[in-house]
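K.L.:
Would you mind keeping the following structure in view while I ask a few things?
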2 protein chains.
Amino acid sequence: MDALQTKREQTLLDRHIQPTAMRLLVLEELQKLQVAVSLNELEANFDRADRITLYRTLKTFQKNKLVHSIDDGTGSVKYALCSDQCECRPEEQHAHFHCNKCDLTICLNDFHLQRASLPKHFVMQEMNLVIKGLCDHCSDGT
Amino acid sequence: MDALQTKREQTLLDRHIQPTAMRLLVLEELQKLQVAVSLNELEANFDRADRITLYRTLKTFQKNKLVHSIDDGTGSVKYALCSDQCECRPEEQHAHFHCNKCDLTICLNDFHLQRASLPKHFVMQEMNLVIKGLCDHCSDGT
DNA sequence: TTTGAGATGCAATCCGATTGCAAAGTTAGG
DNA sequence: CCTAACTTTGCAATCGGATTGCATCTCAAA
């Protein structure tokens with residue numbers, strides 16, 4: 001317990017985030033969940049935490065590249081932990097998968113988009129790729 | 001003028017959309033603009049039209065597959081004309097490009113995503129790919 | 001212990017999306 | 001031509017997610 005907690009503190013410190021109790025809790029929750037969560041979903045996992053504080057916690061995490069945000073088209077932005085050394089550079093951006101059945105959104109870290117064949121004089125800076133369908137749990141194991 | 005107007009009426013009829021004055025105007029505007037527009041942007045091109053009517057017009061167009069919508073991450077959904085025979089099937093979905101400088105969003109009809117190498121048991125149903133960067137006009141012609 | 005910066009909590013606002021309802025327009029049948 | 005039934009339009013209002021203002025609280029450094 002203590003060891004894990006200490007590790008979380010270090011994780012925050014590494015990203016220059018003051019490790020407050022709230023932030024440690026949020027980090028712990030994100031690590032547990034393992035999927036991208038919306039503010040609402042995160043809030044549902046806390047009994048007494050203030051919604052706005054959670055919001056600002058996520059924003060702080062995002063600013064310091066501990067989490068990245070995904071707009072999966074469901075109407076609410078989701079947040080997911082970045083990998084350890086992530087700097088959120090264009091080339092580190094990855095696809096996300098949204099299950100239309102269970103509504104979970106996960107990172108597809110291995111999914112690479114071929115360098116785009118854009119029309120002449122178009123310059124790519126970022127990309128947002130969300131694939132929707134059925135996840136492994138919902139596809140009925142076919 | 002009349003010929004074009006007649007053609008537009010036919011376009012609407014082909015999609016089983018009652019060709020009202022308003023709808024013809026909106027269709028004309030969309031054809032003129034040639035880019036994906038948000039409700040706000042569309043409204044700005046009309047002097048006396050009601051915002052909600054425009055909204056419902058777009059929704060009607062969308063339901064009848066005359067336009068498709070794009071969530072380019074700017075916070076407001078954009079709409080663009082479908083190609084003539086489009087049925088909005090998964091394989092007809094295409095990428096969109098959003099210029100970070102001039103804020104225009106356009107369809108990249110030719111941009112094909114390779115059949116995704118998804119993890120086992122994941123099934124793709126739709127996808128949303130938005131590439132952001134600088135368009136040909138804004139990339140300084142380099 | 002004091003102090004100041006940052007974190008937190010509550011209230012309020014903003015804005016895009018969407019709906020309810022009544023008025024106006026359109027069409028088919030008499 | 002005239003009405004009934006349906007559709008479209010316009011205005012008001014609501015909804016929900018995102019965001020900000022401000023006062024309070026916490027904590028670390030002096």
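Letters for chains follow the order of the structure tokens (A, B, ...), residue numbers begin at 1 for each chain, and ligand numbers begin at 1 in the order shown.
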Using only C-alpha atoms (C1' of nucleotides), determine which residues of chain C fall within 12 Å of chain A; present them as an NGL selection string.
P.N.:
:C and (6-11 or 16-17)
K.L.:
Just to be explicit: take each residue in the selection above, keep C-alpha atoms (C1' of nucleotides), and write the result as a PDB file, in the first residue's frame.
P.N.:
ATOM      1  C1'  DG C   6      -1.375  26.876  -4.787  1.00  0.00           C
ATOM      2  C1'  DA C   7      -5.493  23.700  -4.101  1.00  0.00           C
ATOM      3  C1'  DT C   8     -10.236  23.129  -3.148  1.00  0.00           C
ATOM      4  C1'  DG C   9     -15.330  23.862  -2.933  1.00  0.00           C
ATOM      5  C1'  DC C  10     -19.441  26.216  -4.114  1.00  0.00           C
ATOM      6  C1'  DA C  11     -22.047  29.178  -7.132  1.00  0.00           C
ATOM      7  C1'  DG C  16     -23.822  24.272 -28.232  1.00  0.00           C
ATOM      8  C1'  DA C  17     -27.491  20.921 -28.725  1.00  0.00           C
TER       9       DA C  17
END
K.L.:
May I have the residues within 6 Å of stretch 121-131 of chain A as a list of chain:residue names, using only C-alpha atoms (C1' of nucleotides) and disregarding those fewer than 2 positions away in the same chain?
P.N.:
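So, after excluding close chain neighbours, the residues are A:Pro90, A:Ala95, A:His96, A:Phe97, A:Pro119, B:Met127, B:Asn128, B:Leu129, B:Val130, B:Ile131, B:Lys132, B:Gly133, B:Leu134, B:Cys135, B:Asp136.
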K.L.:
Okay, now the selection with C-alpha atoms, as a PDB file, in the first residue's frame?
P.N.:
ATOM      1  CA  PRO A  90       2.244  14.295 -32.695  1.00  0.00           C
ATOM      2  CA  ALA A  95      -5.935   5.770 -31.972  1.00  0.00           C
ATOM      3  CA  HIS A  96      -8.752   5.102 -29.557  1.00  0.00           C
ATOM      4  CA  PHE A  97     -11.479   2.545 -29.669  1.00  0.00           C
ATOM      5  CA  PRO A 119      -3.068  16.626 -50.717  1.00  0.00           C
TER       6      PRO A 119
ATOM      7  CA  MET B 127     -14.489   5.492 -37.614  1.00  0.00           C
ATOM      8  CA  ASN B 128     -13.825   9.124 -37.164  1.00  0.00           C
ATOM      9  CA  LEU B 129     -10.533  10.445 -38.412  1.00  0.00           C
ATOM     10  CA  VAL B 130      -9.746  14.116 -38.207  1.00  0.00           C
ATOM     11  CA  ILE B 131      -6.352  15.338 -39.256  1.00  0.00           C
ATOM     12  CA  LYS B 132      -5.328  18.752 -38.053  1.00  0.00           C
ATOM     13  CA  GLY B 133      -2.664  21.022 -39.351  1.00  0.00           C
ATOM     14  CA  LEU B 134      -2.286  23.651 -42.012  1.00  0.00           C
ATOM     15  CA  CYS B 135      -4.274  23.641 -45.223  1.00  0.00           C
ATOM     16  CA  ASP B 136      -2.793  24.479 -48.583  1.00  0.00           C
TER      17      ASP B 136
END
K.L.:
Distance atom CA of B:Asp47-atom CA of B:Lys32, one decimal place?
P.N.:
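About the pair atom CA of B:Asp47 and atom CA of B:Lys32: they are 16.3 Å apart.
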K.L.:
For chain D, which residue out of B:Leu27, B:Leu104, B:Ile17, B:Cys82 is the nearest one, using only C-alpha atoms (C1' of nucleotides)?
P.N.:
B:Ile17
K.L.:
Can you list, as a PyMOL selection string, every residue of stretch 18-127 of chain B that DSSP puts in alpha helix (DSSP H)?
P.N.:
chain B and resi 21-33+39-44+51-63
K.L.:
Take the residues from that selection and put them in a file with N, CA and C atoms, as an mmCIF file, in the first residue's frame.
P.N.:
data_model
loop_
_atom_site.group_PDB
_atom_site.id
_atom_site.type_symbol
_atom_site.label_atom_id
_atom_site.label_comp_id
_atom_site.auth_asym_id
_atom_site.auth_seq_id
_atom_site.Cartn_x
_atom_site.Cartn_y
_atom_site.Cartn_z
ATOM 1 N N ALA B 21 -38.604 26.333 -49.566
ATOM 2 C CA ALA B 21 -37.746 27.478 -49.911
ATOM 3 C C ALA B 21 -36.485 27.474 -49.044
ATOM 4 N N MET B 22 -36.725 27.308 -47.760
ATOM 5 C CA MET B 22 -35.628 27.304 -46.786
ATOM 6 C C MET B 22 -34.586 26.246 -47.137
ATOM 7 N N ARG B 23 -35.075 25.043 -47.411
ATOM 8 C CA ARG B 23 -34.162 23.936 -47.667
ATOM 9 C C ARG B 23 -33.372 24.153 -48.943
ATOM 10 N N LEU B 24 -34.024 24.742 -49.927
ATOM 11 C CA LEU B 24 -33.301 25.031 -51.165
ATOM 12 C C LEU B 24 -32.195 26.046 -50.905
ATOM 13 N N LEU B 25 -32.506 27.024 -50.072
ATOM 14 C CA LEU B 25 -31.496 28.025 -49.736
ATOM 15 C C LEU B 25 -30.315 27.399 -49.005
ATOM 16 N N VAL B 26 -30.627 26.543 -48.056
ATOM 17 C CA VAL B 26 -29.549 25.910 -47.293
ATOM 18 C C VAL B 26 -28.698 25.028 -48.207
ATOM 19 N N LEU B 27 -29.362 24.280 -49.055
ATOM 20 C CA LEU B 27 -28.617 23.435 -49.992
ATOM 21 C C LEU B 27 -27.726 24.285 -50.890
ATOM 22 N N GLU B 28 -28.267 25.371 -51.383
ATOM 23 C CA GLU B 28 -27.493 26.274 -52.236
ATOM 24 C C GLU B 28 -26.263 26.784 -51.498
ATOM 25 N N GLU B 29 -26.479 27.162 -50.259
ATOM 26 C CA GLU B 29 -25.381 27.690 -49.462
ATOM 27 C C GLU B 29 -24.299 26.626 -49.248
ATOM 28 N N LEU B 30 -24.739 25.425 -48.928
ATOM 29 C CA LEU B 30 -23.772 24.349 -48.706
ATOM 30 C C LEU B 30 -22.980 24.068 -49.975
ATOM 31 N N GLN B 31 -23.659 24.125 -51.088
ATOM 32 C CA GLN B 31 -22.969 23.887 -52.358
ATOM 33 C C GLN B 31 -21.965 24.988 -52.648
ATOM 34 N N LYS B 32 -22.334 26.205 -52.309
ATOM 35 C CA LYS B 32 -21.422 27.334 -52.515
ATOM 36 C C LYS B 32 -20.191 27.217 -51.630
ATOM 37 N N LEU B 33 -20.413 26.910 -50.356
ATOM 38 C CA LEU B 33 -19.332 26.951 -49.373
ATOM 39 C C LEU B 33 -18.273 25.888 -49.614
ATOM 40 N N LEU B 39 -23.252 25.002 -37.415
ATOM 41 C CA LEU B 39 -24.524 25.713 -37.426
ATOM 42 C C LEU B 39 -24.302 27.211 -37.358
ATOM 43 N N ASN B 40 -23.394 27.620 -36.495
ATOM 44 C CA ASN B 40 -23.096 29.042 -36.363
ATOM 45 C C ASN B 40 -22.634 29.658 -37.669
ATOM 46 N N GLU B 41 -21.725 28.948 -38.326
ATOM 47 C CA GLU B 41 -21.189 29.485 -39.577
ATOM 48 C C GLU B 41 -22.276 29.574 -40.636
ATOM 49 N N LEU B 42 -23.129 28.554 -40.648
ATOM 50 C CA LEU B 42 -24.217 28.575 -41.612
ATOM 51 C C LEU B 42 -25.139 29.751 -41.331
ATOM 52 N N GLU B 43 -25.449 29.932 -40.077
ATOM 53 C CA GLU B 43 -26.353 31.009 -39.684
ATOM 54 C C GLU B 43 -25.798 32.367 -40.108
ATOM 55 N N ALA B 44 -24.469 32.508 -40.001
ATOM 56 C CA ALA B 44 -23.848 33.780 -40.340
ATOM 57 C C ALA B 44 -24.054 34.141 -41.804
ATOM 58 N N ARG B 51 -32.209 30.314 -36.393
ATOM 59 C CA ARG B 51 -31.162 29.360 -36.048
ATOM 60 C C ARG B 51 -31.692 27.940 -35.901
ATOM 61 N N ILE B 52 -32.814 27.808 -35.212
ATOM 62 C CA ILE B 52 -33.361 26.483 -34.955
ATOM 63 C C ILE B 52 -33.851 25.838 -36.242
ATOM 64 N N THR B 53 -34.401 26.631 -37.114
ATOM 65 C CA THR B 53 -34.847 26.083 -38.388
ATOM 66 C C THR B 53 -33.659 25.564 -39.183
ATOM 67 N N LEU B 54 -32.594 26.328 -39.164
ATOM 68 C CA LEU B 54 -31.384 25.868 -39.841
ATOM 69 C C LEU B 54 -30.907 24.558 -39.214
ATOM 70 N N TYR B 55 -30.937 24.530 -37.912
ATOM 71 C CA TYR B 55 -30.532 23.313 -37.201
ATOM 72 C C TYR B 55 -31.361 22.126 -37.655
ATOM 73 N N ARG B 56 -32.671 22.329 -37.701
ATOM 74 C CA ARG B 56 -33.524 21.202 -38.078
ATOM 75 C C ARG B 56 -33.389 20.856 -39.559
ATOM 76 N N THR B 57 -33.106 21.850 -40.331
ATOM 77 C CA THR B 57 -32.866 21.584 -41.750
ATOM 78 C C THR B 57 -31.646 20.679 -41.903
ATOM 79 N N LEU B 58 -30.589 21.012 -41.194
ATOM 80 C CA LEU B 58 -29.390 20.188 -41.263
ATOM 81 C C LEU B 58 -29.685 18.774 -40.759
ATOM 82 N N LYS B 59 -30.452 18.681 -39.692
ATOM 83 C CA LYS B 59 -30.784 17.369 -39.151
ATOM 84 C C LYS B 59 -31.605 16.560 -40.162
ATOM 85 N N THR B 60 -32.507 17.213 -40.805
ATOM 86 C CA THR B 60 -33.297 16.542 -41.836
ATOM 87 C C THR B 60 -32.395 16.068 -42.970
ATOM 88 N N PHE B 61 -31.515 16.940 -43.401
ATOM 89 C CA PHE B 61 -30.563 16.576 -44.449
ATOM 90 C C PHE B 61 -29.736 15.371 -44.007
ATOM 91 N N GLN B 62 -29.328 15.405 -42.763
ATOM 92 C CA GLN B 62 -28.483 14.326 -42.259
ATOM 93 C C GLN B 62 -29.248 13.008 -42.213
ATOM 94 N N LYS B 63 -30.462 13.073 -41.721
ATOM 95 C CA LYS B 63 -31.275 11.869 -41.616
ATOM 96 C C LYS B 63 -31.460 11.241 -42.999
#
K.L.:
Determine which residues of chain D sit within 10 Å of chain A, taking into account only C-alpha atoms (C1' of nucleotides), and present them as number ranges by chain.
P.N.:
D: 16-19, 26-27
K.L.:
Dump N, CA and C atoms (P, O5', C5', C4', C3', O3' and C1' of nucleotides) for the selected residues as a short mmCIF file (atom, residue, chain, number, x, y, z; two decimals), in the first residue's frame?
P.N.:
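Ended up saving to part_10.cif:
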data_model
loop_
_atom_site.label_atom_id
_atom_site.label_comp_id
_atom_site.auth_asym_id
_atom_site.auth_seq_id
_atom_site.Cartn_x
_atom_site.Cartn_y
_atom_site.Cartn_z
P DG D 16 -29.97 17.08 -18.27
"O5'" DG D 16 -28.58 16.79 -18.95
"C5'" DG D 16 -28.42 16.88 -20.36
"C4'" DG D 16 -26.98 17.19 -20.67
"C3'" DG D 16 -26.03 16.93 -19.50
"O3'" DG D 16 -24.82 16.41 -20.02
"C1'" DG D 16 -25.89 19.19 -20.14
P DG D 17 -23.76 15.75 -19.05
"O5'" DG D 17 -22.41 16.37 -19.63
"C5'" DG D 17 -22.15 16.31 -21.02
"C4'" DG D 17 -21.20 17.42 -21.39
"C3'" DG D 17 -19.92 17.44 -20.56
"O3'" DG D 17 -18.82 17.61 -21.44
"C1'" DG D 17 -21.00 19.55 -20.46
P DA D 18 -17.35 17.72 -20.84
"O5'" DA D 18 -17.11 19.29 -20.82
"C5'" DA D 18 -17.28 20.02 -22.04
"C4'" DA D 18 -16.87 21.46 -21.83
"C3'" DA D 18 -15.54 21.66 -21.10
"O3'" DA D 18 -14.78 22.62 -21.81
"C1'" DA D 18 -17.27 22.86 -20.01
P DT D 19 -13.33 23.05 -21.32
"O5'" DT D 19 -13.63 24.30 -20.39
"C5'" DT D 19 -14.39 25.38 -20.93
"C4'" DT D 19 -14.63 26.42 -19.87
"C3'" DT D 19 -13.41 26.76 -19.01
"O3'" DT D 19 -13.06 28.11 -19.29
"C1'" DT D 19 -15.40 26.61 -17.73
P DT D 26 -8.13 23.01 5.96
"O5'" DT D 26 -6.83 22.72 5.09
"C5'" DT D 26 -6.97 22.39 3.71
"C4'" DT D 26 -5.59 22.18 3.12
"C3'" DT D 26 -4.54 21.74 4.13
"O3'" DT D 26 -3.74 20.74 3.54
"C1'" DT D 26 -3.85 23.74 3.05
P DC D 27 -2.68 19.93 4.43
"O5'" DC D 27 -1.30 20.43 3.81
"C5'" DC D 27 -1.21 20.65 2.40
"C4'" DC D 27 0.06 21.43 2.11
"C3'" DC D 27 1.22 21.09 3.04
"O3'" DC D 27 2.41 21.03 2.28
"C1'" DC D 27 0.81 23.40 3.09
#
K.L.:
Can you list every residue in chain A that DSSP puts in strand (DSSP E or B), as number ranges by chain?
P.N.:
A: 36-38, 67-70, 78-81, 95-99, 105-108, 123-134
K.L.:
Show which residues sit within 7 Å of B:Leu81, as a list in words. Count only C-alpha atoms (C1' of nucleotides), and ignore same-chain residues fewer than 4 positions away.
P.N.:
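So, after excluding close chain neighbours, the residues are Leu30, Leu66, Val67 and His68 of chain B.
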